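Colleague: Data: run_13.cif, mmCIF, C-alpha atoms.
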```
data_target
loop_
_atom_site.group_PDB
_atom_site.id
_atom_site.type_symbol
_atom_site.label_atom_id
_atom_site.label_comp_id
_atom_site.auth_asym_id
_atom_site.auth_seq_id
_atom_site.Cartn_x
_atom_site.Cartn_y
_atom_site.Cartn_z
ATOM 1 C CA MET A 121 -70.122 -48.479 213.769
ATOM 2 C CA GLY A 122 -68.720 -45.990 211.298
ATOM 3 C CA LYS A 123 -65.928 -46.431 208.834
ATOM 4 C CA GLY A 124 -63.004 -44.142 208.235
ATOM 5 C CA SER A 125 -61.475 -41.681 210.677
ATOM 6 C CA VAL A 126 -63.995 -39.145 211.996
ATOM 7 C CA ASN A 127 -63.287 -35.438 211.644
ATOM 8 C CA GLU A 128 -66.498 -33.742 212.651
ATOM 9 C CA ILE A 129 -70.056 -34.623 213.600
ATOM 10 C CA ALA A 130 -73.231 -32.575 213.396
ATOM 11 C CA PHE A 131 -76.907 -33.023 214.198
ATOM 12 C CA SER A 132 -79.544 -31.757 211.787
ATOM 13 C CA PRO A 133 -81.515 -28.802 213.226
ATOM 14 C CA ASP A 134 -84.496 -31.061 214.034
ATOM 15 C CA GLY A 135 -82.218 -33.590 215.722
ATOM 16 C CA LYS A 136 -83.308 -36.474 213.514
ATOM 17 C CA ILE A 137 -80.174 -36.975 211.402
ATOM 18 C CA LEU A 138 -76.557 -37.288 212.467
ATOM 19 C CA ALA A 139 -73.907 -36.441 209.857
ATOM 20 C CA ILE A 140 -70.344 -37.690 210.277
ATOM 21 C CA ALA A 141 -67.471 -36.222 208.259
ATOM 22 C CA SER A 142 -65.006 -39.043 207.699
ATOM 23 C CA SER A 143 -62.094 -40.023 205.541
ATOM 24 C CA ILE A 144 -64.343 -41.711 202.954
ATOM 25 C CA GLY A 145 -67.318 -39.350 202.860
ATOM 26 C CA VAL A 146 -70.250 -38.272 205.000
ATOM 27 C CA TRP A 147 -72.134 -40.963 206.907
ATOM 28 C CA LEU A 148 -75.769 -40.302 207.759
ATOM 29 C CA TYR A 149 -77.587 -41.976 210.633
ATOM 30 C CA ASP A 150 -81.183 -41.929 211.789
ATOM 31 C CA VAL A 151 -80.823 -40.698 215.370
ATOM 32 C CA LYS A 152 -83.909 -42.467 216.713
ATOM 33 C CA THR A 153 -82.997 -45.950 215.491
ATOM 34 C CA PHE A 154 -79.252 -45.322 215.095
ATOM 35 C CA VAL A 155 -79.460 -47.081 211.742
ATOM 36 C CA GLU A 156 -77.192 -45.963 208.903
ATOM 37 C CA ILE A 157 -79.339 -44.274 206.237
ATOM 38 C CA GLY A 158 -76.736 -43.181 203.722
ATOM 39 C CA LEU A 159 -73.158 -42.502 202.708
ATOM 40 C CA LEU A 160 -72.417 -39.374 200.709
ATOM 41 C CA GLU A 161 -69.263 -40.527 198.974
ATOM 42 C CA THR A 162 -66.441 -38.091 198.267
ATOM 43 C CA GLU A 163 -63.083 -38.535 196.567
ATOM 44 C CA GLU A 164 -61.152 -36.893 199.379
ATOM 45 C CA PHE A 165 -61.565 -37.065 203.170
ATOM 46 C CA VAL A 166 -64.191 -34.654 204.523
ATOM 47 C CA ARG A 167 -62.877 -32.099 206.995
ATOM 48 C CA SER A 168 -66.047 -30.240 207.897
ATOM 49 C CA VAL A 169 -69.832 -30.624 207.622
ATOM 50 C CA ALA A 170 -72.626 -28.149 208.321
ATOM 51 C CA PHE A 171 -76.400 -28.344 207.979
ATOM 52 C CA SER A 172 -78.260 -25.357 206.566
ATOM 53 C CA PRO A 173 -80.408 -23.694 209.260
ATOM 54 C CA ASP A 174 -83.604 -25.175 207.774
ATOM 55 C CA GLY A 175 -82.061 -28.642 207.496
ATOM 56 C CA SER A 176 -82.813 -29.008 203.802
ATOM 57 C CA SER A 177 -79.167 -29.238 202.748
ATOM 58 C CA LEU A 178 -75.778 -30.272 204.077
ATOM 59 C CA ALA A 179 -72.452 -28.768 203.019
ATOM 60 C CA SER A 180 -69.243 -30.781 203.087
ATOM 61 C CA GLY A 181 -65.698 -29.517 202.639
ATOM 62 C CA SER A 182 -62.804 -31.776 201.697
ATOM 63 C CA GLY A 183 -59.066 -31.683 202.004
ATOM 64 C CA ASP A 184 -58.647 -31.074 198.276
ATOM 65 C CA GLY A 185 -60.908 -28.010 198.358
ATOM 66 C CA THR A 186 -64.042 -29.655 197.054
ATOM 67 C CA ILE A 187 -67.249 -28.177 198.462
ATOM 68 C CA ILE A 188 -70.462 -30.100 197.899
ATOM 69 C CA LEU A 189 -73.989 -29.044 198.804
ATOM 70 C CA TRP A 190 -76.036 -32.196 199.367
ATOM 71 C CA ASP A 191 -79.833 -32.309 199.180
ATOM 72 C CA MET A 192 -81.112 -33.739 202.471
ATOM 73 C CA LYS A 193 -84.728 -34.132 201.366
ATOM 74 C CA PRO A 194 -84.368 -37.842 200.451
ATOM 75 C CA TYR A 195 -83.275 -38.504 204.037
ATOM 76 C CA ILE A 196 -85.994 -36.515 205.788
ATOM 77 C CA LYS A 197 -89.074 -38.494 206.786
ATOM 78 C CA MET B 859 -58.664 -30.157 235.770
ATOM 79 C CA GLY B 860 -59.272 -32.487 232.866
ATOM 80 C CA LYS B 861 -57.208 -35.397 231.695
ATOM 81 C CA GLY B 862 -56.059 -36.164 228.190
ATOM 82 C CA SER B 863 -55.518 -33.689 225.364
ATOM 83 C CA VAL B 864 -58.663 -31.686 224.545
ATOM 84 C CA ASN B 865 -60.012 -31.681 220.990
ATOM 85 C CA GLU B 866 -63.390 -30.007 221.253
ATOM 86 C CA ILE B 867 -65.758 -28.672 223.887
ATOM 87 C CA ALA B 868 -69.513 -28.143 223.779
ATOM 88 C CA PHE B 869 -72.228 -26.861 226.085
ATOM 89 C CA SER B 870 -75.540 -28.679 226.321
ATOM 90 C CA PRO B 871 -78.427 -26.624 224.852
ATOM 91 C CA ASP B 872 -79.649 -25.664 228.350
ATOM 92 C CA GLY B 873 -76.122 -24.652 229.365
ATOM 93 C CA LYS B 874 -75.991 -27.005 232.346
ATOM 94 C CA ILE B 875 -73.508 -29.610 231.087
ATOM 95 C CA LEU B 876 -70.097 -29.140 229.497
ATOM 96 C CA ALA B 877 -68.792 -31.981 227.333
ATOM 97 C CA ILE B 878 -65.081 -32.258 226.551
ATOM 98 C CA ALA B 879 -63.802 -34.491 223.756
ATOM 99 C CA SER B 880 -60.397 -35.749 224.866
ATOM 100 C CA SER B 881 -57.854 -38.435 224.123
ATOM 101 C CA ILE B 882 -59.394 -40.834 226.655
ATOM 102 C CA GLY B 883 -63.121 -40.196 226.190
ATOM 103 C CA VAL B 884 -65.711 -37.535 226.848
ATOM 104 C CA TRP B 885 -65.575 -35.713 230.177
ATOM 105 C CA LEU B 886 -68.798 -34.246 231.527
ATOM 106 C CA TYR B 887 -68.935 -31.362 233.990
ATOM 107 C CA ASP B 888 -71.764 -29.686 235.850
ATOM 108 C CA VAL B 889 -71.412 -26.067 234.705
ATOM 109 C CA LYS B 890 -72.864 -24.520 237.877
ATOM 110 C CA THR B 891 -70.548 -26.284 240.333
ATOM 111 C CA PHE B 892 -67.802 -27.172 237.833
ATOM 112 C CA VAL B 893 -67.724 -30.640 239.365
ATOM 113 C CA GLU B 894 -66.918 -33.612 237.140
ATOM 114 C CA ILE B 895 -70.088 -35.688 236.747
ATOM 115 C CA GLY B 896 -68.923 -38.416 234.396
ATOM 116 C CA LEU B 897 -66.449 -39.852 231.913
ATOM 117 C CA LEU B 898 -67.789 -41.542 228.806
ATOM 118 C CA GLU B 899 -64.884 -43.853 228.107
ATOM 119 C CA THR B 900 -63.883 -44.673 224.542
ATOM 120 C CA GLU B 901 -61.160 -46.894 223.124
ATOM 121 C CA GLU B 902 -59.849 -44.234 220.784
ATOM 122 C CA PHE B 903 -59.369 -40.473 221.246
ATOM 123 C CA VAL B 904 -62.529 -38.456 220.604
ATOM 124 C CA ARG B 905 -62.248 -35.908 217.797
ATOM 125 C CA SER B 906 -65.690 -34.313 217.892
ATOM 126 C CA VAL B 907 -68.734 -34.080 220.181
ATOM 127 C CA ALA B 908 -72.210 -32.680 219.541
ATOM 128 C CA PHE B 909 -75.350 -32.473 221.653
ATOM 129 C CA SER B 910 -78.683 -33.218 220.026
ATOM 130 C CA PRO B 911 -80.818 -30.053 219.801
ATOM 131 C CA ASP B 912 -83.055 -31.233 222.689
ATOM 132 C CA GLY B 913 -80.051 -32.151 224.839
ATOM 133 C CA SER B 914 -81.200 -35.719 225.424
ATOM 134 C CA SER B 915 -78.206 -37.312 223.713
ATOM 135 C CA LEU B 916 -74.587 -36.640 222.865
ATOM 136 C CA ALA B 917 -72.764 -37.984 219.836
ATOM 137 C CA SER B 918 -69.023 -38.643 219.883
ATOM 138 C CA GLY B 919 -66.778 -39.461 216.952
ATOM 139 C CA SER B 920 -63.374 -41.095 217.353
ATOM 140 C CA GLY B 921 -60.206 -41.341 215.352
ATOM 141 C CA ASP B 922 -60.875 -44.984 214.498
ATOM 142 C CA GLY B 923 -64.319 -44.176 213.039
ATOM 143 C CA THR B 924 -66.375 -45.189 216.053
ATOM 144 C CA ILE B 925 -69.548 -43.154 216.497
ATOM 145 C CA ILE B 926 -71.377 -43.455 219.800
ATOM 146 C CA LEU B 927 -74.712 -41.917 220.750
ATOM 147 C CA TRP B 928 -74.741 -41.449 224.519
ATOM 148 C CA ASP B 929 -77.914 -41.096 226.585
ATOM 149 C CA MET B 930 -77.626 -37.845 228.555
ATOM 150 C CA LYS B 931 -80.682 -38.441 230.765
ATOM 151 C CA PRO B 932 -78.664 -39.847 233.698
ATOM 152 C CA TYR B 933 -76.725 -36.571 233.788
ATOM 153 C CA ILE B 934 -79.701 -34.196 233.564
ATOM 154 C CA LYS B 935 -81.106 -33.005 236.885
ATOM 155 C CA MET C 885 -65.545 -26.298 193.048
ATOM 156 C CA GLY C 886 -63.477 -24.595 195.660
ATOM 157 C CA LYS C 887 -59.789 -23.927 195.681
ATOM 158 C CA GLY C 888 -57.353 -24.543 198.496
ATOM 159 C CA SER C 889 -57.664 -27.087 201.278
ATOM 160 C CA VAL C 890 -60.848 -26.630 203.308
ATOM 161 C CA ASN C 891 -60.613 -26.200 207.073
ATOM 162 C CA GLU C 892 -64.109 -25.234 208.145
ATOM 163 C CA ILE C 893 -67.451 -24.357 206.619
ATOM 164 C CA ALA C 894 -70.329 -22.335 208.011
ATOM 165 C CA PHE C 895 -73.773 -21.251 206.898
ATOM 166 C CA SER C 896 -74.941 -17.695 207.543
ATOM 167 C CA PRO C 897 -77.763 -17.548 210.128
ATOM 168 C CA ASP C 898 -80.380 -17.043 207.374
ATOM 169 C CA GLY C 899 -78.943 -19.961 205.385
ATOM 170 C CA LYS C 900 -78.321 -17.897 202.253
ATOM 171 C CA ILE C 901 -74.511 -17.718 202.294
ATOM 172 C CA LEU C 902 -71.965 -20.494 202.717
ATOM 173 C CA ALA C 903 -68.498 -19.484 203.963
ATOM 174 C CA ILE C 904 -65.527 -21.781 203.449
ATOM 175 C CA ALA C 905 -62.289 -21.308 205.375
ATOM 176 C CA SER C 906 -59.500 -22.422 203.067
ATOM 177 C CA SER C 907 -55.784 -22.152 202.592
ATOM 178 C CA ILE C 908 -56.093 -19.043 200.399
ATOM 179 C CA GLY C 909 -58.901 -17.165 202.147
ATOM 180 C CA VAL C 910 -62.636 -17.388 202.712
ATOM 181 C CA TRP C 911 -64.809 -18.408 199.781
ATOM 182 C CA LEU C 912 -68.411 -17.236 199.754
ATOM 183 C CA TYR C 913 -71.186 -18.999 197.863
ATOM 184 C CA ASP C 914 -74.825 -18.189 197.271
ATOM 185 C CA VAL C 915 -76.555 -21.272 198.680
ATOM 186 C CA LYS C 916 -79.586 -21.084 196.383
ATOM 187 C CA THR C 917 -77.682 -20.952 193.103
ATOM 188 C CA PHE C 918 -74.414 -22.409 194.426
ATOM 189 C CA VAL C 919 -72.597 -19.654 192.544
ATOM 190 C CA GLU C 920 -69.372 -18.234 193.971
ATOM 191 C CA ILE C 921 -70.051 -14.674 195.117
ATOM 192 C CA GLY C 922 -66.721 -13.700 196.594
ATOM 193 C CA LEU C 923 -63.281 -14.531 197.922
ATOM 194 C CA LEU C 924 -62.089 -12.780 201.061
ATOM 195 C CA GLU C 925 -58.359 -13.023 200.475
ATOM 196 C CA THR C 926 -55.985 -13.517 203.390
ATOM 197 C CA GLU C 927 -52.204 -13.799 203.552
ATOM 198 C CA GLU C 928 -52.263 -16.960 205.640
ATOM 199 C CA PHE C 929 -54.553 -20.029 205.519
ATOM 200 C CA VAL C 930 -57.820 -19.550 207.410
ATOM 201 C CA ARG C 931 -58.354 -21.996 210.258
ATOM 202 C CA SER C 932 -61.790 -20.940 211.494
ATOM 203 C CA VAL C 933 -64.768 -18.859 210.378
ATOM 204 C CA ALA C 934 -67.853 -17.730 212.290
ATOM 205 C CA PHE C 935 -70.836 -15.577 211.363
ATOM 206 C CA SER C 936 -72.097 -13.057 213.881
ATOM 207 C CA PRO C 937 -75.547 -14.075 215.200
ATOM 208 C CA ASP C 938 -77.258 -11.377 213.088
ATOM 209 C CA GLY C 939 -75.307 -12.363 209.968
ATOM 210 C CA SER C 940 -73.968 -8.861 209.343
ATOM 211 C CA SER C 941 -70.322 -9.825 209.772
ATOM 212 C CA LEU C 942 -68.007 -12.796 209.458
ATOM 213 C CA ALA C 943 -64.876 -13.361 211.534
ATOM 214 C CA SER C 944 -61.905 -15.292 210.182
ATOM 215 C CA GLY C 945 -58.870 -16.512 212.102
ATOM 216 C CA SER C 946 -55.614 -17.447 210.406
ATOM 217 C CA GLY C 947 -52.620 -19.585 211.219
ATOM 218 C CA ASP C 948 -50.439 -16.517 211.778
ATOM 219 C CA GLY C 949 -52.849 -15.083 214.364
ATOM 220 C CA THR C 950 -54.572 -12.592 212.089
ATOM 221 C CA ILE C 951 -58.218 -11.989 212.967
ATOM 222 C CA ILE C 952 -60.363 -10.163 210.435
ATOM 223 C CA LEU C 953 -63.951 -9.022 210.823
ATOM 224 C CA TRP C 954 -65.497 -8.879 207.366
ATOM 225 C CA ASP C 955 -68.584 -6.838 206.508
ATOM 226 C CA MET C 956 -71.159 -9.185 204.982
ATOM 227 C CA LYS C 957 -73.591 -6.485 203.851
ATOM 228 C CA PRO C 958 -72.254 -6.372 200.253
ATOM 229 C CA TYR C 959 -73.089 -10.058 199.947
ATOM 230 C CA ILE C 960 -76.595 -9.928 201.446
ATOM 231 C CA LYS C 961 -79.422 -9.515 198.975
ATOM 232 C CA MET D 381 -54.281 -7.960 215.000
ATOM 233 C CA GLY D 382 -54.111 -11.024 217.189
ATOM 234 C CA LYS D 383 -51.109 -12.845 218.512
ATOM 235 C CA GLY D 384 -50.411 -16.542 218.450
ATOM 236 C CA SER D 385 -51.735 -19.079 215.967
ATOM 237 C CA VAL D 386 -55.544 -19.163 215.853
ATOM 238 C CA ASN D 387 -57.354 -22.460 216.416
ATOM 239 C CA GLU D 388 -60.997 -21.494 216.737
ATOM 240 C CA ILE D 389 -63.159 -18.401 216.904
ATOM 241 C CA ALA D 390 -66.606 -17.895 218.382
ATOM 242 C CA PHE D 391 -69.109 -15.078 218.771
ATOM 243 C CA SER D 392 -70.954 -14.619 222.044
ATOM 244 C CA PRO D 393 -74.686 -15.389 221.717
ATOM 245 C CA ASP D 394 -75.550 -11.662 221.664
ATOM 246 C CA GLY D 395 -72.882 -11.025 219.013
ATOM 247 C CA LYS D 396 -71.037 -8.421 221.064
ATOM 248 C CA ILE D 397 -67.871 -10.347 221.968
ATOM 249 C CA LEU D 398 -65.526 -12.323 219.743
ATOM 250 C CA ALA D 399 -63.406 -15.012 221.435
ATOM 251 C CA ILE D 400 -60.286 -16.331 219.719
ATOM 252 C CA ALA D 401 -58.612 -19.548 220.861
ATOM 253 C CA SER D 402 -54.905 -19.122 220.225
ATOM 254 C CA SER D 403 -51.558 -20.548 221.184
ATOM 255 C CA ILE D 404 -51.160 -18.153 224.116
ATOM 256 C CA GLY D 405 -54.711 -17.995 225.479
ATOM 257 C CA VAL D 406 -58.122 -16.634 224.562
ATOM 258 C CA TRP D 407 -58.283 -13.155 223.064
ATOM 259 C CA LEU D 408 -61.487 -11.167 223.527
ATOM 260 C CA TYR D 409 -62.581 -8.363 221.220
ATOM 261 C CA ASP D 410 -65.464 -5.933 221.311
ATOM 262 C CA VAL D 411 -67.188 -6.633 217.988
ATOM 263 C CA LYS D 412 -68.589 -3.117 217.514
ATOM 264 C CA THR D 413 -65.293 -1.266 217.931
ATOM 265 C CA PHE D 414 -63.018 -4.223 217.163
ATOM 266 C CA VAL D 415 -60.911 -3.190 220.168
ATOM 267 C CA GLU D 416 -59.161 -5.864 222.227
ATOM 268 C CA ILE D 417 -60.867 -6.067 225.613
ATOM 269 C CA GLY D 418 -58.968 -8.889 227.257
ATOM 270 C CA LEU D 419 -56.629 -11.852 227.129
ATOM 271 C CA LEU D 420 -57.505 -14.932 229.156
ATOM 272 C CA GLU D 421 -54.018 -16.340 229.613
ATOM 273 C CA THR D 422 -53.441 -20.078 229.651
ATOM 274 C CA GLU D 423 -50.287 -22.137 230.095
ATOM 275 C CA GLU D 424 -50.948 -24.279 227.049
ATOM 276 C CA PHE D 425 -52.353 -23.414 223.611
ATOM 277 C CA VAL D 426 -56.149 -23.340 223.491
ATOM 278 C CA ARG D 427 -57.721 -25.806 221.065
ATOM 279 C CA SER D 428 -61.399 -25.017 221.486
ATOM 280 C CA VAL D 429 -63.662 -22.305 222.928
ATOM 281 C CA ALA D 430 -67.420 -22.253 223.505
ATOM 282 C CA PHE D 431 -69.775 -19.698 225.011
ATOM 283 C CA SER D 432 -72.519 -20.912 227.327
ATOM 284 C CA PRO D 433 -75.964 -20.431 225.715
ATOM 285 C CA ASP D 434 -76.712 -17.429 227.976
ATOM 286 C CA GLY D 435 -73.311 -15.865 227.285
ATOM 287 C CA SER D 436 -72.377 -15.583 230.965
ATOM 288 C CA SER D 437 -69.382 -17.904 230.710
ATOM 289 C CA LEU D 438 -66.811 -19.167 228.229
ATOM 290 C CA ALA D 439 -65.163 -22.578 228.331
ATOM 291 C CA SER D 440 -61.672 -23.156 226.967
ATOM 292 C CA GLY D 441 -59.912 -26.460 226.409
ATOM 293 C CA SER D 442 -56.150 -26.761 226.054
ATOM 294 C CA GLY D 443 -53.740 -29.215 224.549
ATOM 295 C CA ASP D 444 -52.644 -30.431 227.985
ATOM 296 C CA GLY D 445 -56.214 -31.249 229.029
ATOM 297 C CA THR D 446 -56.854 -28.129 231.055
ATOM 298 C CA ILE D 447 -60.478 -26.975 230.981
ATOM 299 C CA ILE D 448 -61.258 -23.509 232.304
ATOM 300 C CA LEU D 449 -64.668 -21.903 232.736
ATOM 301 C CA TRP D 450 -64.218 -18.140 232.483
ATOM 302 C CA ASP D 451 -66.677 -15.599 233.892
ATOM 303 C CA MET D 452 -67.711 -13.293 231.048
ATOM 304 C CA LYS D 453 -69.575 -10.767 233.202
ATOM 305 C CA PRO D 454 -66.608 -8.356 233.471
ATOM 306 C CA TYR D 455 -66.603 -8.117 229.678
ATOM 307 C CA ILE D 456 -70.342 -7.611 229.174
ATOM 308 C CA LYS D 457 -71.510 -4.013 228.988
#
```
Show the structure stored in the file as structure tokens.
Modeller:
Amino acid sequence: MGKGSVNEIAFSPDGKILAIASSIGVWLYDVKTFVEIGLLETEEFVRSVAFSPDGSSLASGSGDGTIILWDMKPYIK
Amino acid sequence: MGKGSVNEIAFSPDGKILAIASSIGVWLYDVKTFVEIGLLETEEFVRSVAFSPDGSSLASGSGDGTIILWDMKPYIK
Amino acid sequence: MGKGSVNEIAFSPDGKILAIASSIGVWLYDVKTFVEIGLLETEEFVRSVAFSPDGSSLASGSGDGTIILWDMKPYIK
Amino acid sequence: MGKGSVNEIAFSPDGKILAIASSIGVWLYDVKTFVEIGLLETEEFVRSVAFSPDGSSLASGSGDGTIILWDMKPYIK
């Protein structure tokens, strides 16, 4: 499972989502079922990911300096 | 102590288990006794480890993109 | 958005500020508006950033061994 | 301030101690005064540091696979 070299992994504060910073973007998995629920595509490999304390957003930082703040609401059940 | 180059270390939320991401897998230690209690073997070196907020599972991410969700219950006393 | 290769990102404990360790310093963003609110300039690339648990300060560590403790109060609304 | 290339920094859970993983060991600083209060010397460069959730110990992981659990009590006031 997973595609692209992994740089960092993080659980959402409620433990329901796993975010994986990889060379092709951020993979999201449902922790309970371990099913892939999304890929946040980026142009450059993602070095670091961090969930906001309330879990509503996820920040990703790439090797080319791109910072993206992703809305996590579509992935929260 | 420890075998394989270390990439990241993490304490379980209750502070009882120490997980070490290394080039041959994830080493687990009992913090109180500092005795090795397990090795979660992986084919590729582990770049990042993270405990779920409730401590029941541990995610590992490897250089080849493999993500594994390990059940921590056998290691919790 | 963002300038310089990103090494690590961190949210402040209250989730209002995003800090980005990059090759030219630490970028600060307001999470709500995603507007850049500051650049903490350093001479060497920043490898790691961490907020103090109360969010009043931010520590940065650079490749040349420089550690700086930044006062976050000017950036807290 | 600081000696040796910095790999990771971490605040103790109570925010009073700053630990810096560097190429010559783990530097400890008193956050309030920003005075150096100790150097936990290691033979190999330290890649990662983590405080236990209760702050009583600090784990360090080195490039050669050495894991050390340091007692933080001497540094807690």
Colleague: Write out as a Markdown table a residue-level contact list of chain B versus chain A with cut-off 12 Å: for each qualifying residue the closest pair of atoms and the distance in Å to one decimal, counting all atoms listed in the file, rows sorted by chain and residue number upward.
Modeller:
```
| residue | atom | partner | partner_atom | distance |
| --- | --- | --- | --- | --- |
| B:Asn865 | CA | A:Asn127 | CA | 10.6 |
| B:Glu866 | CA | A:Glu128 | CA | 9.9 |
| B:Ala868 | CA | A:Ala130 | CA | 11.9 |
| B:Ala879 | CA | A:Glu128 | CA | 11.5 |
| B:Glu902 | CA | A:Ser125 | CA | 10.6 |
| B:Phe903 | CA | A:Val126 | CA | 10.4 |
| B:Val904 | CA | A:Val126 | CA | 8.8 |
| B:Arg905 | CA | A:Asn127 | CA | 6.3 |
| B:Ser906 | CA | A:Glu128 | CA | 5.3 |
| B:Val907 | CA | A:Ile129 | CA | 6.7 |
| B:Ala908 | CA | A:Ala130 | CA | 6.2 |
| B:Phe909 | CA | A:Phe131 | CA | 7.6 |
| B:Ser910 | CA | A:Gly135 | CA | 5.6 |
| B:Pro911 | CA | A:Gly135 | CA | 5.6 |
| B:Asp912 | CA | A:Gly135 | CA | 7.4 |
| B:Gly913 | CA | A:Gly135 | CA | 9.5 |
| B:Ser914 | CA | A:Gly135 | CA | 10.0 |
| B:Ser915 | CA | A:Val151 | CA | 9.4 |
| B:Leu916 | CA | A:Phe131 | CA | 9.7 |
| B:Ala917 | CA | A:Ile129 | CA | 7.6 |
| B:Ser918 | CA | A:Ile129 | CA | 7.5 |
| B:Gly919 | CA | A:Val126 | CA | 5.7 |
| B:Ser920 | CA | A:Val126 | CA | 5.7 |
| B:Gly921 | CA | A:Ser125 | CA | 4.9 |
| B:Asp922 | CA | A:Ser125 | CA | 5.1 |
| B:Gly923 | CA | A:Ser125 | CA | 4.5 |
| B:Thr924 | CA | A:Gly122 | CA | 5.4 |
| B:Ile925 | CA | A:Gly122 | CA | 6.0 |
| B:Ile926 | CA | A:Met121 | CA | 7.9 |
| B:Leu927 | CA | A:Phe154 | CA | 8.0 |
| B:Trp928 | CA | A:Val151 | CA | 11.0 |
| B:Asp929 | CA | A:Val151 | CA | 11.6 |
```
Colleague: For the selection you just gave me, I'd like the residues written to a file as an mmCIF file, keeping the file's coordinate frame, keeping C-alpha atoms.
Modeller:
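Saved to out.cif:
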```cif
data_model
loop_
_atom_site.group_PDB
_atom_site.id
_atom_site.type_symbol
_atom_site.label_atom_id
_atom_site.label_comp_id
_atom_site.auth_asym_id
_atom_site.auth_seq_id
_atom_site.Cartn_x
_atom_site.Cartn_y
_atom_site.Cartn_z
ATOM 1 C CA ASN B 865 -60.012 -31.681 220.990
ATOM 2 C CA GLU B 866 -63.390 -30.007 221.253
ATOM 3 C CA ALA B 868 -69.513 -28.143 223.779
ATOM 4 C CA ALA B 879 -63.802 -34.491 223.756
ATOM 5 C CA GLU B 902 -59.849 -44.234 220.784
ATOM 6 C CA PHE B 903 -59.369 -40.473 221.246
ATOM 7 C CA VAL B 904 -62.529 -38.456 220.604
ATOM 8 C CA ARG B 905 -62.248 -35.908 217.797
ATOM 9 C CA SER B 906 -65.690 -34.313 217.892
ATOM 10 C CA VAL B 907 -68.734 -34.080 220.181
ATOM 11 C CA ALA B 908 -72.210 -32.680 219.541
ATOM 12 C CA PHE B 909 -75.350 -32.473 221.653
ATOM 13 C CA SER B 910 -78.683 -33.218 220.026
ATOM 14 C CA PRO B 911 -80.818 -30.053 219.801
ATOM 15 C CA ASP B 912 -83.055 -31.233 222.689
ATOM 16 C CA GLY B 913 -80.051 -32.151 224.839
ATOM 17 C CA SER B 914 -81.200 -35.719 225.424
ATOM 18 C CA SER B 915 -78.206 -37.312 223.713
ATOM 19 C CA LEU B 916 -74.587 -36.640 222.865
ATOM 20 C CA ALA B 917 -72.764 -37.984 219.836
ATOM 21 C CA SER B 918 -69.023 -38.643 219.883
ATOM 22 C CA GLY B 919 -66.778 -39.461 216.952
ATOM 23 C CA SER B 920 -63.374 -41.095 217.353
ATOM 24 C CA GLY B 921 -60.206 -41.341 215.352
ATOM 25 C CA ASP B 922 -60.875 -44.984 214.498
ATOM 26 C CA GLY B 923 -64.319 -44.176 213.039
ATOM 27 C CA THR B 924 -66.375 -45.189 216.053
ATOM 28 C CA ILE B 925 -69.548 -43.154 216.497
ATOM 29 C CA ILE B 926 -71.377 -43.455 219.800
ATOM 30 C CA LEU B 927 -74.712 -41.917 220.750
ATOM 31 C CA TRP B 928 -74.741 -41.449 224.519
ATOM 32 C CA ASP B 929 -77.914 -41.096 226.585
#
```
Colleague: What does the distance from atom CA of Ala399 of chain D to atom CA of Tyr455 of chain D come to in Å, to one decimal?
Modeller: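 Distance between the two atoms: 11.2 Å.
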Colleague: As AutoDock Vina command-line options, please report the centre and edge lengths, rounded to one decimal in Å, of the axis-aligned box that holds all listed atoms of segment 897-915 of chain C with 5 Å of padding on each of the six sides.
Modeller:
```
--center_x -68.1 --center_y -19.7 --center_z 203.7 --size_x 34.6 --size_y 15.4 --size_z 22.9
```
Colleague: Tell me, in Å to one decimal, how far atom CA of Pro454 of chain D is from atom CA of Glu423 of chain D.
Modeller: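 Answer for the atom CA of Pro454 of chain D to atom CA of Glu423 of chain D separation: 21.6 Å.
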Colleague: Mind pulling up the distance from atom CA of Lys957 of chain C to atom CA of Glu920 of chain C?
Modeller: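 So the two atoms, atom CA of Glu920 of chain C and atom CA of Lys957 of chain C, lie 15.9 Å apart.
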Colleague: Could you pull the residues within 6 Å of Gly145 of chain A, counting all atoms listed in the file, minus those fewer than 5 positions along the same chain, as a list of chain:residue names?
Modeller: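 Once the adjacent positions are removed, what remains is A:Leu160, A:Glu161, A:Thr162, A:Val166.
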Colleague: Written as a PyMOL selection string, which residues does the PyMOL selection byres ((chain D and resi 418) around 8) give for the file shown?
Modeller: chain D and resi 407-409+416-417+419-420
Colleague: Store the residues of this selection in a file with C-alpha atoms, as an mmCIF file, in the coordinates of the input.
Modeller:
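Generated file (selection-v2.cif):
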```
data_model
loop_
_atom_site.group_PDB
_atom_site.id
_atom_site.type_symbol
_atom_site.label_atom_id
_atom_site.label_comp_id
_atom_site.auth_asym_id
_atom_site.auth_seq_id
_atom_site.Cartn_x
_atom_site.Cartn_y
_atom_site.Cartn_z
ATOM 1 C CA TRP D 407 -58.283 -13.155 223.064
ATOM 2 C CA LEU D 408 -61.487 -11.167 223.527
ATOM 3 C CA TYR D 409 -62.581 -8.363 221.220
ATOM 4 C CA GLU D 416 -59.161 -5.864 222.227
ATOM 5 C CA ILE D 417 -60.867 -6.067 225.613
ATOM 6 C CA LEU D 419 -56.629 -11.852 227.129
ATOM 7 C CA LEU D 420 -57.505 -14.932 229.156
#
```
